[in-house]
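Shown next: coords_12.txt, containing compact mmCIF, C-alpha atoms and all ligand atoms.
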# COMPACT_ATOMS: atom_id res chain seq x y z
CA MET A 1104 -53.53 55.30 93.15
CA ASN A 1105 -50.34 54.04 94.81
CA ARG A 1106 -48.34 55.82 97.50
CA LEU A 1107 -46.66 59.17 96.93
CA GLY A 1108 -43.92 60.49 99.20
CA VAL A 1109 -42.64 64.06 99.28
CA TYR A 1110 -39.17 64.54 100.73
CA ILE A 1111 -38.49 68.19 101.55
CA LEU A 1112 -34.92 69.51 101.71
CA GLY A 1113 -35.11 72.37 104.23
CA ALA A 1114 -38.19 70.80 105.88
CA ARG A 1115 -38.18 73.05 108.96
CA GLY A 1116 -38.01 76.37 107.08
CA ASN A 1117 -40.85 78.87 106.75
CA VAL A 1118 -42.16 77.66 103.40
CA ALA A 1119 -41.83 73.96 104.27
CA THR A 1120 -43.59 74.40 107.62
CA THR A 1121 -46.42 76.26 105.89
CA VAL A 1122 -46.66 73.51 103.26
CA ILE A 1123 -46.86 70.70 105.83
CA THR A 1124 -49.21 72.51 108.24
CA GLY A 1125 -51.37 73.64 105.33
CA ALA A 1126 -51.58 70.12 103.90
CA MET A 1127 -52.70 68.82 107.33
CA ALA A 1128 -55.31 71.59 107.62
CA ILE A 1129 -56.72 70.90 104.13
CA SER A 1130 -56.72 67.12 104.75
CA GLN A 1131 -58.70 67.53 107.98
CA GLY A 1132 -61.20 69.90 106.34
CA ARG A 1133 -60.03 72.76 108.58
CA ALA A 1134 -59.03 75.02 105.69
CA PRO A 1135 -60.10 75.41 102.06
CA ALA A 1136 -57.59 74.90 99.26
CA THR A 1137 -57.43 78.63 98.44
CA GLY A 1138 -54.28 79.43 96.44
CA LEU A 1139 -53.91 75.94 94.96
CA VAL A 1140 -54.04 76.14 91.16
CA THR A 1141 -54.82 72.41 91.08
CA ALA A 1142 -57.99 72.99 93.12
CA GLY A 1143 -59.38 75.22 90.35
CA PRO A 1144 -62.13 74.16 87.90
CA GLU A 1145 -59.60 73.66 85.07
CA PHE A 1146 -58.30 70.56 86.90
CA LYS A 1147 -61.67 68.95 87.49
CA GLY A 1148 -61.55 65.39 86.14
CA VAL A 1149 -57.73 65.27 86.13
CA VAL A 1150 -56.44 62.49 88.37
CA LEU A 1151 -54.16 64.11 90.96
CA ALA A 1152 -52.80 62.76 94.24
CA GLY A 1153 -55.02 63.87 97.12
CA VAL A 1154 -53.32 66.32 99.47
CA GLN A 1155 -54.37 63.99 102.31
CA ASP A 1156 -52.58 61.04 100.67
CA ILE A 1157 -49.13 62.63 100.50
CA VAL A 1158 -46.55 61.15 102.90
CA PHE A 1159 -44.17 63.93 103.95
CA GLY A 1160 -40.60 63.54 105.15
CA GLY A 1161 -37.37 65.45 104.77
CA CYS A 1162 -34.27 66.90 106.35
CA ASP A 1163 -32.96 70.17 107.72
CA ILE A 1164 -29.79 71.52 109.28
CA SER A 1165 -32.01 73.17 111.90
CA ALA A 1166 -33.12 71.04 114.86
CA VAL A 1167 -36.06 73.28 115.83
CA ALA A 1168 -39.08 70.96 116.01
CA LEU A 1169 -41.71 71.44 113.31
CA ALA A 1170 -44.48 72.12 115.87
CA ASP A 1171 -42.39 74.87 117.49
CA LYS A 1172 -41.61 76.33 114.09
CA ALA A 1173 -45.33 76.33 113.18
CA ILE A 1174 -46.13 78.19 116.41
CA GLU A 1175 -43.29 80.65 115.74
CA ILE A 1176 -44.62 81.45 112.27
CA GLY A 1177 -48.16 81.48 113.69
CA HIS A 1178 -47.04 84.38 115.91
CA SER A 1179 -45.84 86.12 112.73
CA ARG A 1180 -49.35 85.67 111.19
CA ILE A 1181 -47.99 83.49 108.34
CA LEU A 1182 -50.56 80.88 109.35
CA PRO A 1183 -53.29 80.93 112.02
CA LEU A 1184 -51.73 80.49 115.47
CA ASP A 1185 -54.73 78.40 116.65
CA LEU A 1186 -54.13 75.98 113.80
CA ALA A 1187 -50.46 75.56 114.74
CA ARG A 1188 -51.45 74.91 118.37
CA ASP A 1189 -54.22 72.45 117.46
CA LEU A 1190 -51.94 70.46 115.14
CA LYS A 1191 -49.08 70.26 117.65
CA THR A 1192 -49.33 66.48 118.18
CA GLU A 1193 -49.54 65.68 114.45
CA LEU A 1194 -46.64 68.04 113.71
CA ASN A 1195 -44.53 66.43 116.44
CA ASP A 1196 -45.30 62.99 114.97
CA LEU A 1197 -44.31 64.16 111.50
CA ASP A 1198 -41.13 65.75 112.84
CA ARG A 1199 -39.81 62.22 113.51
CA ARG A 1200 -39.62 61.77 109.72
CA ILE A 1201 -37.36 64.82 109.39
CA ALA A 1202 -33.65 64.12 109.75
CA THR A 1203 -31.43 66.73 111.33
CA VAL A 1204 -28.43 66.79 109.00
CA GLU A 1205 -25.03 68.45 108.89
CA GLY A 1206 -25.19 69.73 105.32
CA PHE A 1207 -22.25 71.92 104.36
CA ARG A 1208 -21.71 75.54 103.52
CA PHE A 1209 -20.54 76.53 100.05
CA GLY A 1210 -16.77 76.94 100.20
CA THR A 1211 -16.29 74.10 102.71
CA LEU A 1212 -16.00 70.36 102.16
CA PRO A 1213 -18.67 68.08 103.65
CA ARG A 1214 -17.50 65.52 106.25
CA GLY A 1215 -15.55 62.82 104.40
CA GLY A 1216 -15.81 64.70 101.07
CA TYR A 1217 -18.50 65.10 98.43
CA LEU A 1218 -18.89 61.38 97.68
CA ALA A 1219 -19.46 60.58 101.36
CA GLU A 1220 -22.14 63.30 101.52
CA LEU A 1221 -23.77 61.93 98.35
CA ALA A 1222 -23.90 58.46 99.93
CA ARG A 1223 -25.49 59.85 103.15
CA VAL A 1224 -28.22 61.71 101.25
CA GLU A 1225 -28.94 58.67 99.06
CA GLU A 1226 -29.18 56.42 102.10
CA ARG A 1227 -31.74 58.76 103.75
CA LEU A 1228 -33.86 58.87 100.60
CA ALA A 1229 -33.77 55.09 100.20
CA ARG A 1230 -34.80 54.66 103.85
CA PHE A 1231 -37.71 57.10 103.49
CA ARG A 1232 -39.02 55.13 100.50
CA VAL A 1233 -38.72 51.74 102.20
CA ASP A 1234 -39.95 52.79 105.67
CA HIS A 1235 -43.19 54.18 104.25
CA GLY A 1236 -43.71 51.71 101.40
CA LEU A 1237 -43.69 54.50 98.80
CA ASP A 1238 -44.13 53.90 95.08
CA ARG A 1239 -42.94 57.34 93.98
CA VAL A 1240 -40.95 60.03 95.79
CA VAL A 1241 -40.80 63.69 94.76
CA VAL A 1242 -37.87 65.57 96.32
CA VAL A 1243 -38.53 69.30 96.75
CA ASN A 1244 -35.70 71.73 97.44
CA LEU A 1245 -36.79 74.41 99.93
CA CYS A 1246 -33.33 75.09 101.41
CA SER A 1247 -31.79 78.50 101.89
CA THR A 1248 -30.48 80.08 98.69
CA GLU A 1249 -26.88 79.15 97.93
CA PRO A 1250 -24.24 81.05 95.93
CA HIS A 1251 -23.92 80.53 92.18
CA PHE A 1252 -20.85 78.41 91.38
CA ALA A 1253 -18.78 78.28 88.19
CA GLU A 1254 -19.94 75.56 85.81
CA THR A 1255 -16.95 73.71 84.38
CA PRO A 1256 -16.84 70.78 81.89
CA ASP A 1257 -16.95 68.54 85.01
CA PHE A 1258 -20.69 69.17 85.13
CA ASP A 1259 -21.27 68.21 81.47
CA SER A 1260 -21.88 64.48 81.93
CA PRO A 1261 -22.68 62.12 84.80
CA ASP A 1262 -19.36 60.29 84.32
CA SER A 1263 -17.24 63.45 84.40
CA LEU A 1264 -19.12 64.71 87.47
CA LEU A 1265 -18.76 61.43 89.37
CA THR A 1266 -15.07 61.22 88.40
CA ALA A 1267 -14.45 64.82 89.55
CA LEU A 1268 -16.28 64.56 92.89
CA PRO A 1269 -13.74 62.49 94.95
CA LYS A 1270 -10.88 64.93 94.37
CA ALA A 1271 -12.87 68.16 93.93
CA PRO A 1272 -11.77 71.01 96.21
CA ALA A 1273 -14.00 72.98 98.59
CA GLY A 1274 -16.14 75.42 96.60
CA PHE A 1275 -16.54 72.99 93.67
CA CYS A 1276 -20.30 72.74 94.20
CA THR A 1277 -23.10 73.31 96.71
CA ALA A 1278 -25.20 71.05 98.92
CA THR A 1279 -28.08 71.70 96.50
CA LEU A 1280 -26.14 70.02 93.68
CA ILE A 1281 -25.29 66.97 95.82
CA ASN A 1282 -28.91 66.68 97.01
CA ALA A 1283 -30.29 66.92 93.46
CA LEU A 1284 -27.80 64.33 92.21
CA ALA A 1285 -28.73 61.98 95.06
CA ALA A 1286 -32.46 62.45 94.39
CA LEU A 1287 -32.17 61.51 90.71
CA ARG A 1288 -29.78 58.62 91.33
CA GLN A 1289 -32.33 57.26 93.82
CA GLY A 1290 -35.07 57.35 91.17
CA CYS A 1291 -36.94 60.33 92.66
CA ALA A 1292 -38.53 63.20 90.76
CA TYR A 1293 -37.01 66.56 91.69
CA VAL A 1294 -38.41 70.09 92.06
CA ASN A 1295 -36.13 73.06 92.69
CA PHE A 1296 -38.18 75.87 94.25
CA THR A 1297 -35.02 77.89 95.02
CA PRO A 1298 -32.65 79.93 92.82
CA SER A 1299 -29.71 77.59 93.59
CA GLN A 1300 -28.20 75.42 90.84
CA GLY A 1301 -29.74 71.95 90.93
CA SER A 1302 -31.07 69.62 88.27
CA GLU A 1303 -30.57 72.13 85.44
CA LEU A 1304 -26.89 71.22 85.12
CA PRO A 1305 -26.22 69.08 82.00
CA ALA A 1306 -25.01 66.01 83.93
CA LEU A 1307 -28.20 65.93 86.02
CA ARG A 1308 -30.46 66.55 83.04
CA LYS A 1309 -28.89 63.50 81.41
CA ILE A 1310 -29.43 61.33 84.49
CA ALA A 1311 -33.10 62.42 84.58
CA ARG A 1312 -33.48 61.61 80.88
CA ASP A 1313 -31.74 58.22 81.18
CA LEU A 1314 -33.77 57.20 84.26
CA ARG A 1315 -36.99 58.65 82.76
CA LEU A 1316 -37.56 60.95 85.74
CA PRO A 1317 -39.41 64.26 85.63
CA HIS A 1318 -37.81 67.37 87.15
CA ALA A 1319 -38.71 71.05 87.29
CA GLY A 1320 -37.39 74.45 88.39
CA LYS A 1321 -36.37 76.95 89.23
CA ASP A 1322 -37.16 79.57 91.87
CA GLY A 1323 -40.87 79.79 92.72
CA LYS A 1324 -42.72 82.70 91.10
CA THR A 1325 -44.79 84.04 93.96
CA GLY A 1326 -44.90 87.84 94.10
CA GLU A 1327 -43.08 90.65 92.31
CA THR A 1328 -41.94 88.46 89.40
CA LEU A 1329 -45.49 87.13 88.99
CA LEU A 1330 -46.66 90.71 88.50
CA LYS A 1331 -43.80 91.45 86.12
CA THR A 1332 -44.78 88.52 83.90
CA VAL A 1333 -48.41 89.69 83.86
CA LEU A 1334 -47.68 93.40 83.26
CA GLY A 1335 -44.63 93.07 80.97
CA PRO A 1336 -46.67 91.40 78.18
CA MET A 1337 -49.30 94.15 78.53
CA PHE A 1338 -46.74 96.86 77.67
CA LEU A 1339 -45.47 94.76 74.77
CA ALA A 1340 -48.99 94.05 73.47
CA ARG A 1341 -49.80 97.78 73.41
CA ASN A 1342 -46.45 98.54 71.74
CA LEU A 1343 -45.50 100.83 74.62
CA LYS A 1344 -41.73 101.17 74.98
CA VAL A 1345 -40.47 100.34 78.47
CA LEU A 1346 -37.51 102.64 79.08
CA SER A 1347 -36.75 101.53 82.64
CA TRP A 1348 -38.17 98.99 85.07
CA VAL A 1349 -36.65 99.17 88.52
CA GLY A 1350 -37.81 97.27 91.57
CA ASN A 1351 -36.83 97.05 95.18
CA ASN A 1352 -37.79 94.22 97.52
CA PHE A 1353 -37.82 94.59 101.29
CA LEU A 1354 -38.08 91.45 103.40
CA GLY A 1355 -37.21 90.46 106.94
CA ASN A 1356 -37.47 86.68 107.24
CA ASN A 1357 -34.61 84.17 107.38
CA ASP A 1358 -34.61 84.04 103.58
CA GLY A 1359 -33.99 87.81 103.62
CA ALA A 1360 -31.19 87.40 106.18
CA VAL A 1361 -29.53 84.73 104.00
CA LEU A 1362 -29.82 87.03 100.97
CA GLU A 1363 -27.80 89.68 102.85
CA ALA A 1364 -24.70 87.71 101.82
CA PRO A 1365 -23.61 89.16 98.46
CA ALA A 1366 -23.09 85.72 96.83
CA ALA A 1367 -26.59 84.50 97.79
CA LYS A 1368 -28.12 87.82 96.70
CA ASP A 1369 -26.38 87.54 93.32
CA SER A 1370 -27.84 84.03 92.93
CA LYS A 1371 -31.39 85.34 93.62
CA LEU A 1372 -31.11 88.49 91.49
CA ARG A 1373 -30.00 86.44 88.47
CA GLN A 1374 -33.46 84.77 88.56
CA LYS A 1375 -35.44 87.88 89.41
CA ASP A 1376 -34.12 89.92 86.46
CA ALA A 1377 -34.10 87.14 83.89
CA ALA A 1378 -37.83 87.23 83.05
CA LEU A 1379 -38.01 90.99 82.42
CA ARG A 1380 -34.75 91.12 80.50
CA GLU A 1381 -35.86 88.30 78.22
CA MET A 1382 -39.34 89.75 77.68
CA LEU A 1383 -38.30 93.38 77.11
CA GLY A 1384 -35.07 92.80 75.19
CA GLY A 1385 -31.79 94.64 75.65
CA ASP A 1386 -32.92 98.28 75.25
CA SER A 1387 -34.78 98.65 78.55
CA PHE A 1388 -32.94 99.54 81.76
CA VAL A 1389 -33.82 96.73 84.20
CA ARG A 1390 -32.65 96.58 87.80
CA THR A 1391 -33.93 94.79 90.89
CA ASP A 1392 -32.56 94.95 94.41
CA ILE A 1393 -33.30 93.21 97.71
CA GLN A 1394 -32.94 94.82 101.13
CA TYR A 1395 -33.17 93.01 104.46
CA VAL A 1396 -35.60 94.81 106.81
CA PRO A 1397 -35.87 92.59 109.92
CA SER A 1398 -39.08 94.13 111.32
CA LEU A 1399 -41.06 93.15 108.18
CA GLY A 1400 -40.62 89.41 108.84
CA ASP A 1401 -42.23 87.30 106.11
CA TRP A 1402 -44.22 90.29 104.81
CA LYS A 1403 -42.31 91.11 101.71
CA THR A 1404 -42.88 94.56 100.22
CA ALA A 1405 -41.94 95.08 96.59
CA TRP A 1406 -42.04 98.52 95.01
CA ASP A 1407 -41.66 98.81 91.25
CA LEU A 1408 -41.34 101.85 89.02
CA ILE A 1409 -41.92 101.49 85.29
CA HIS A 1410 -41.00 104.41 83.08
CA PHE A 1411 -42.37 104.03 79.56
CA GLU A 1412 -42.86 105.88 76.32
CA GLY A 1413 -46.07 106.11 74.30
CA PHE A 1414 -47.35 107.72 71.11
CA LEU A 1415 -45.22 110.63 69.82
CA GLY A 1416 -42.62 109.96 72.50
CA THR A 1417 -44.82 110.99 75.44
CA GLN A 1418 -43.30 109.56 78.62
CA MET A 1419 -45.35 108.14 81.50
CA THR A 1420 -44.80 106.15 84.70
CA PHE A 1421 -46.56 103.29 86.37
CA GLN A 1422 -45.80 102.22 89.95
CA PHE A 1423 -47.02 99.39 92.10
CA THR A 1424 -46.51 98.26 95.67
CA TRP A 1425 -47.01 94.61 96.53
CA GLN A 1426 -47.14 93.43 100.11
CA GLY A 1427 -47.40 89.67 100.25
CA CYS A 1428 -46.81 87.01 102.86
CA ASP A 1429 -44.03 85.09 101.14
CA SER A 1430 -44.61 81.67 102.69
CA ALA A 1431 -48.41 81.81 102.29
CA LEU A 1432 -47.92 82.58 98.60
CA ALA A 1433 -45.29 79.87 98.11
CA ALA A 1434 -46.83 76.95 100.04
CA PRO A 1435 -49.83 76.20 97.78
CA LEU A 1436 -47.54 76.34 94.73
CA VAL A 1437 -45.32 73.68 96.29
CA LEU A 1438 -48.38 71.43 96.77
CA ASP A 1439 -49.43 72.13 93.17
CA LEU A 1440 -45.97 71.29 91.86
CA VAL A 1441 -45.85 68.00 93.72
CA ARG A 1442 -49.28 66.95 92.42
CA LEU A 1443 -48.51 68.03 88.85
CA VAL A 1444 -45.04 66.45 88.70
CA ASP A 1445 -46.59 63.26 90.03
CA ALA A 1446 -49.38 63.39 87.41
CA ALA A 1447 -46.81 63.93 84.63
CA TRP A 1448 -44.74 61.01 85.93
CA ARG A 1449 -47.75 58.67 86.01
CA ASN A 1450 -48.53 59.86 82.47
CA GLY A 1451 -45.10 58.60 81.34
CA GLU A 1452 -43.51 62.06 81.02
CA SER A 1453 -39.88 62.65 81.99
CA GLY A 1454 -37.15 65.27 81.75
CA LEU A 1455 -37.97 68.94 82.24
CA LEU A 1456 -41.67 69.75 82.24
CA PRO A 1457 -42.27 72.99 80.28
CA GLN A 1458 -45.98 73.01 81.20
CA LEU A 1459 -44.96 73.92 84.78
CA SER A 1460 -43.35 77.22 83.70
CA PRO A 1461 -46.03 79.46 85.38
CA PHE A 1462 -44.70 78.30 88.75
CA PHE A 1463 -41.14 79.52 88.23
CA LYS A 1464 -39.24 82.79 87.91
CA ASN A 1465 -36.76 81.11 85.61
CA PRO A 1466 -38.57 78.15 84.05
CA LEU A 1467 -36.06 75.63 82.75
CA ASP A 1468 -37.06 74.75 79.19
CA GLY A 1469 -40.11 77.01 79.47
CA HIS A 1470 -40.78 78.68 76.15
CA THR A 1471 -42.21 81.95 77.43
CA HIS A 1472 -42.25 84.17 80.54
CA ASP A 1473 -45.73 85.55 79.69
CA PHE A 1474 -47.92 84.36 82.57
CA ALA A 1475 -51.15 84.23 80.52
CA ARG A 1476 -49.50 82.07 77.85
CA GLN A 1477 -47.87 79.89 80.49
CA MET A 1478 -51.26 79.26 82.12
CA ALA A 1479 -52.85 78.53 78.73
CA ASN A 1480 -50.16 75.87 78.15
CA LEU A 1481 -50.76 74.38 81.60
CA TYR A 1482 -54.53 74.21 81.03
CA ALA A 1483 -54.00 72.64 77.58
CA TRP A 1484 -51.90 69.93 79.23
CA ALA A 1485 -54.62 69.39 81.87
CA ASP A 1486 -57.09 68.94 79.00
CA GLN A 1487 -54.79 66.31 77.47
CA LEU A 1488 -54.60 64.42 80.76
CA ARG A 1489 -58.38 64.53 81.11
CA GLY A 1490 -58.78 63.42 77.48
CA ALA A 1491 -56.36 60.51 77.95
CA ARG A 1492 -58.37 59.37 80.97
CA ALA A 1493 -61.70 59.63 79.12
CA GLY A 1494 -60.16 57.69 76.20
CA ALA A 1495 -58.93 54.97 78.55
CA ARG A 1496 -62.42 54.60 80.05
CA ARG A 1497 -64.09 54.11 76.64
N1 LIG B 1 -41.25 82.31 100.02
C1 LIG B 1 -41.23 82.60 98.74
O1 LIG B 1 -42.10 83.30 98.24
C2 LIG B 1 -40.15 82.01 97.87
C3 LIG B 1 -40.24 82.21 96.49
C4 LIG B 1 -39.27 81.67 95.68
C5 LIG B 1 -38.23 80.95 96.22
N2 LIG B 1 -38.15 80.78 97.55
C6 LIG B 1 -36.99 80.06 98.07
O2 LIG B 1 -37.41 78.99 98.89
C7 LIG B 1 -36.39 78.71 99.84
C8 LIG B 1 -37.03 78.57 101.22
O3 LIG B 1 -37.53 79.82 101.66
P1 LIG B 1 -37.93 80.00 103.21
O4 LIG B 1 -38.53 81.35 103.32
O5 LIG B 1 -38.65 78.82 103.69
O6 LIG B 1 -36.48 80.04 103.87
P2 LIG B 1 -36.09 79.56 105.34
O7 LIG B 1 -34.76 80.18 105.59
O8 LIG B 1 -37.18 79.81 106.29
O9 LIG B 1 -35.94 77.97 105.18
C9 LIG B 1 -34.81 77.36 104.61
C10 LIG B 1 -34.51 76.10 105.43
O10 LIG B 1 -33.46 75.41 104.78
C11 LIG B 1 -32.63 74.87 105.81
N3 LIG B 1 -31.35 74.51 105.19
C12 LIG B 1 -30.37 75.34 104.76
N4 LIG B 1 -29.38 74.61 104.19
C13 LIG B 1 -29.74 73.31 104.28
C14 LIG B 1 -29.15 72.09 103.86
N5 LIG B 1 -27.97 72.06 103.24
N6 LIG B 1 -29.83 70.94 104.07
C15 LIG B 1 -31.02 70.93 104.70
N7 LIG B 1 -31.63 72.07 105.13
C16 LIG B 1 -31.01 73.24 104.90
C17 LIG B 1 -32.58 75.97 106.86
O11 LIG B 1 -32.18 75.49 108.13
C18 LIG B 1 -34.04 76.43 106.86
O12 LIG B 1 -34.82 75.71 107.80
C19 LIG B 1 -35.35 79.83 99.72
O13 LIG B 1 -34.28 79.39 98.92
C20 LIG B 1 -36.12 80.90 98.99
O14 LIG B 1 -35.28 81.77 98.24
C21 LIG B 1 -39.09 81.28 98.40
When written as structure tokens, how does the structure in this file appear?
Amino acid sequence: MNRLGVYILGARGNVATTVITGAMAISQGRAPATGLVTAGPEFKGVVLAGVQDIVFGGCDISAVALADKAIEIGHSRILPLDLARDLKTELNDLDRRIATVEGFRFGTLPRGGYLAELARVEERLARFRVDHGLDRVVVVNLCSTEPHFAETPDFDSPDSLLTALPKAPAGFCTATLINALAALRQGCAYVNFTPSQGSELPALRKIARDLRLPHAGKDGKTGETLLKTVLGPMFLARNLKVLSWVGNNFLGNNDGAVLEAPAAKDSKLRQKDAALREMLGGDSFVRTDIQYVPSLGDWKTAWDLIHFEGFLGTQMTFQFTWQGCDSALAAPLVLDLVRLVDAAWRNGESGLLPQLSPFFKNPLDGHTHDFARQMANLYAWADQLRGARAGARR
């Protein structure tokens, strides 16, 4: 199998550091692949890139070295501190492949304007591919959540977007949009693990279709929403009427601090509520909130209250409390996504990949939010890949 590169946007964040350190640990046989869907028996016989064969690179606006970040999150028990210390040399080596970039905040213009920023991102991606002799590059967005911006007709087609960019005012779009556009124009596959607007915009979907590139998103489904998409279908299947479903999330990491800003919180809550609203329909009262609690660090606590009605109108409640380590839940999914997007690409698939819907809170082009059905679709696709391989061997 030829060489696969993974370019992470936000490569020195909590999730990215856990992904890279975890991939090193698995590759060296220091940790099992617990949490990776692609390491399960359903994927036996499917040709996937080996975790040890992935060439990582990326960029971040933070200059904190990857090894220091790994030790910092080791102290927070996100990953074993010993592991972070033992891998210090390898992490420092890998850090040389991570560019410290300026980026730009939503509401400001990047240096030289949007087109200049697009050119800088494209140049970095092209260099990553050439420097490491890569055949395919998957770009994964793990940057901080950005505000939701208004979609105008400028985003409808690649031509209108590229015509609008040179004279567009500050606040026209986010760094996520520019990064996604650069990734696709450079012939990379793209995965949006964040709630920000990326490749789902019509202009970018068209570029992906025209260049026959796969892309997927958005917003990784790791904790509370995962439970919602398991439990919601249960209430529906038993014909129990959900009157209200309210949830509150408490988290204290940098992601939580970023979500303190009302515009970023709005962007996240749009994704978090979408699954329940779509599954339950308009009659149920659905509300989710996020609170920043610094002392909790990466240990997100979600508390949900479900008030429902049964036979003869009898009302009941169900509550759950979930305490998960956000980055440890997210990191294996990122590795899964990279391997599966790559497998789809090698199989000649392009555009949005609906089979990857179980990985996302708001799956683009996914047909259902029901986790069990999503997994059944993913396994059916794995069977197809295995079948195609067996057919090719005969
Ligand atoms: N952890 C989870 O369970 C989970 C689930 C779903 C989605 N997400 C999303 O994944 C993303 C990453 O989460 P995290 O906990 O690692 O956050 P984090 O704050 O630790 O990391 C984000 C990184 O992005 C960098 N960054 C910000 N803007 C940038 C830019 N324009 N260019 C390059 N780098 C930039 C920051 O410096 C930081 O290092 C967030 O958007 C979060 O909402 C996380």
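By all atoms listed in the file, and with residues fewer than 6 positions from region 1348-1362 of chain A along its chain excluded, the set lying at most 7 Å from it is A:Ser1247, A:Lys1368, A:Phe1388, A:Val1389, A:Arg1390, A:Thr1391, A:Asp1392, A:Ile1393, A:Gln1394, A:Tyr1395, A:Val1396, A:Pro1397, A:Ser1398, A:Leu1399, A:Gly1400, A:Asp1401, A:Trp1402, A:Lys1403, A:Thr1404, A:Ala1405, A:Trp1406, A:Asp1407, A:Leu1408, A:Ile1409, A:His1410.
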Quick check, in Å to one decimal: how far apart do CA of Phe1209 (chain A) and CA of Ala1168 (chain A) lie? 25.1 Å
Restricting the calculation to all atoms listed in the file, which member of A:Lys1375, A:Arg1232, A:Arg1308, A:His1318 is positioned closest to Asn1295 (chain A)? A:His1318
At most 8 Å is the cut-off: for each residue in region 1106-1169 of chain A with any atom that close to an atom of region 1440-1448 of chain A, write down the nearest atom pair and the distance in Å rounded to one decimal, counting all atoms listed in the file, chain first then increasing number, as a tab-separated table.
residue	atom	partner	partner_atom	distance
A:Val1109	CA	A:Val1441	CA	7.5
A:Thr1141	CA	A:Arg1442	CA	7.9
A:Val1150	CA	A:Ala1446	CA	7.2
A:Leu1151	CA	A:Arg1442	CA	5.8
A:Ala1152	CA	A:Arg1442	CA	5.8
What is the CA of Lys1147 (chain A)-CA of Val1240 (chain A) distance in Å, reported with one decimal? 24.0 Å
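Atom to atom, CA of Gln1155 (chain A) and CA of Val1140 (chain A) stand 16.5 Å apart.
Counting only C-alpha atoms, the residue from A:Ser1387, A:Asn1450, A:Ser1260, A:Gln1458 that sits nearest to Ala1491 (chain A) is A:Asn1450.
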Using only C-alpha atoms, determine which residues lie at most 9 Å from Phe1146 (chain A), disregarding the query and same-chain residues fewer than 6 positions distant; provide the list as number ranges by chain. A: 1140, 1482, 1485-1486, 1489
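Among A:Tyr1217, A:Phe1252, A:Phe1414, A:Phe1258, the residue with the shortest atom-to-atom distance to Ala1271 (chain A), counting only C-alpha atoms, is A:Tyr1217.
Closest approach to Leu1329 (chain A) among A:Glu1381, A:Asp1473, A:Glu1303, A:Glu1193 is made by A:Asp1473 (distances from only C-alpha atoms).
Taking all atoms listed in the file into account, Pro1261 (chain A) lies nearest to A:Lys1309 out of the set A:Gly1132, A:Lys1309, A:Leu1228, A:Gly1301.
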Protein, DNA and RNA residues within 12 Å of (-53.0, 68.7, 109.7), all atoms listed in the file, as a PyMOL selection string: chain A and resi 1120-1134+1154-1157+1159+1170+1173+1186-1197
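Remark: for Arg1239 (chain A), the closest of the candidate residues A:Ala1479, A:Leu1467, A:Leu1372, A:Ala1292 is A:Ala1292 (distances computed over only C-alpha atoms).
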Which polymer residues have any atom within 8 Å of an atom of His1470 (chain A), counting all atoms listed in the file, with same-chain residues fewer than 2 positions away left out, as a count of residues only? 3
